[in-house]
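Structure first, commentary second.
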Amino acid sequence: MAFTIDQEVKAALRSPFDISKMSEIYKTTNGYYTFQSPSLDTINKYFYYLLRYSKELKFDKKYKYRPDYLSYDQYGTVTLDQLLLYVNGISSPEDFDLITVFVPEKEAVIEILQDNFREKDIEDMTEITW
């Protein structure tokens with residue numbers, strides 16, 4: 001079943017994941033922008049915690065080259081695909097073809113998102129000149 005944007009937004013509002021707490025915020029002359037995927041600093045900070053609370057699963061070939069599909073099936077969102085790649089030591093979706101895959105537990109991901117360490121002062125943001 002295909003989702004409309006309206007249905008996806010409503011589903012995202014009910015989701016326990018607030019990806020913006022893991023992403024970087026950038027300042028420009030006309031506003032603030034957040035890239036909606038986890039930053040490596042965030043994943044590095046909790047890397048061993050995520051590994052400790054991961055399940056090692058037999059890799060299903062339907063996820064070959066598609067960490068976003070695995071992210072959706074495990075967490076209900078495609079935005080954690082980069083987290084899955086990083087936890088498994090993979091740098092590109094083209095290399096996402098494994099025998100077993102480590103999948104952090106949903107509760108562990110929620111726990112690091114609720115830590116709220118991502119709050120930054122405006123002065124600490126990286127400025128971008130377009």
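Residue numbering restarts at 1 in every chain; chains get A, B, ... in the order shown in the structure tokens, and ligands count up from 1 in that same order.
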* To do: Quick one: everything within 7 Å of A:Arg66, counting only C-alpha atoms, minus sequence neighbours fewer than 4 positions away in the same chain. Send it as an MDAnalysis selection string.
  => chainID A and resid 70 93 96
So that I have them on file, write out the residues from the current selection with N, CA, C and O atoms, as a PDB file, in the first residue's frame.
```
ATOM      1  N   LEU A  70      15.015  -2.107   5.582  1.00  0.00           N
ATOM      2  CA  LEU A  70      15.221  -2.724   6.887  1.00  0.00           C
ATOM      3  C   LEU A  70      14.868  -1.733   7.995  1.00  0.00           C
ATOM      4  O   LEU A  70      14.223  -2.089   8.982  1.00  0.00           O
ATOM      5  N   PRO A  93      25.165   2.096   0.788  1.00  0.00           N
ATOM      6  CA  PRO A  93      24.096   1.106   0.564  1.00  0.00           C
ATOM      7  C   PRO A  93      24.473   0.037  -0.461  1.00  0.00           C
ATOM      8  O   PRO A  93      23.972  -1.079  -0.399  1.00  0.00           O
ATOM      9  N   PHE A  96      25.570  -3.039   1.220  1.00  0.00           N
ATOM     10  CA  PHE A  96      24.632  -3.616   2.187  1.00  0.00           C
ATOM     11  C   PHE A  96      24.135  -4.963   1.678  1.00  0.00           C
ATOM     12  O   PHE A  96      23.006  -5.127   1.221  1.00  0.00           O
TER      13      PHE A  96
END
```
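Minimum distance to A:Leu80 across A:Asp68, A:Tyr49, A:Asn44, A:Phe59 (counting only C-alpha atoms) occurs at A:Asp68.
If you count only C-alpha atoms and ignore residues fewer than 6 places along the chain from A:Leu57, what sits within 7 Å of it is A:Thr100, A:Val101, A:Phe102.
If you measure from each of A:Ile99, A:Gln7, A:Leu51, A:Lys45 to A:Val87 using only C-alpha atoms, the closest one turns out to be A:Leu51.
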Env of A:Glu107: 10 Å cut, atoms = only C-alpha atoms, seq-sep filter 3 positions within chain, self excluded. Answer as an mmCIF file with N, CA, C and O atoms, in the first residue's frame.
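out-v6.cif, freshly written:
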```
data_model
loop_
_atom_site.group_PDB
_atom_site.id
_atom_site.type_symbol
_atom_site.label_atom_id
_atom_site.label_comp_id
_atom_site.auth_asym_id
_atom_site.auth_seq_id
_atom_site.Cartn_x
_atom_site.Cartn_y
_atom_site.Cartn_z
ATOM 1 N N PRO A 16 7.815 7.364 17.907
ATOM 2 C CA PRO A 16 8.615 7.735 19.078
ATOM 3 C C PRO A 16 9.971 8.318 18.706
ATOM 4 O O PRO A 16 10.706 8.760 19.560
ATOM 5 N N TYR A 53 23.025 -3.194 22.706
ATOM 6 C CA TYR A 53 21.584 -3.455 22.659
ATOM 7 C C TYR A 53 21.115 -3.689 21.224
ATOM 8 O O TYR A 53 20.134 -3.126 20.779
ATOM 9 N N TYR A 75 11.798 -0.180 12.436
ATOM 10 C CA TYR A 75 11.495 1.012 13.238
ATOM 11 C C TYR A 75 10.275 1.800 12.767
ATOM 12 O O TYR A 75 9.863 2.738 13.427
ATOM 13 N N PRO A 104 20.067 -2.408 16.117
ATOM 14 C CA PRO A 104 19.834 -1.896 17.473
ATOM 15 C C PRO A 104 18.355 -1.993 17.839
ATOM 16 O O PRO A 104 17.476 -1.782 17.005
ATOM 17 N N ILE A 110 15.409 4.857 20.909
ATOM 18 C CA ILE A 110 14.555 5.847 21.578
ATOM 19 C C ILE A 110 15.286 6.455 22.764
ATOM 20 O O ILE A 110 15.236 7.668 22.988
ATOM 21 N N GLU A 111 16.007 5.635 23.504
ATOM 22 C CA GLU A 111 16.750 6.118 24.671
ATOM 23 C C GLU A 111 17.770 7.197 24.284
ATOM 24 O O GLU A 111 17.858 8.229 24.939
ATOM 25 N N ILE A 112 18.525 6.969 23.221
ATOM 26 C CA ILE A 112 19.517 7.988 22.847
ATOM 27 C C ILE A 112 18.843 9.229 22.272
ATOM 28 O O ILE A 112 19.377 10.328 22.398
ATOM 29 N N LEU A 113 17.681 9.075 21.677
ATOM 30 C CA LEU A 113 16.968 10.243 21.172
ATOM 31 C C LEU A 113 16.396 11.080 22.313
ATOM 32 O O LEU A 113 16.260 12.299 22.190
#
```
* Have a look at atom CA of A:Tyr63 and atom CA of A:Phe47 and let me know their distance in Å, one decimal. => 22.3 Å
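Reported to one decimal place, the separation of atom CA of A:Ile43 from atom CA of A:Leu84 is 10.1 Å.
You will find atom CA of A:Gln74 at 7.7 Å from atom CA of A:Lys106.
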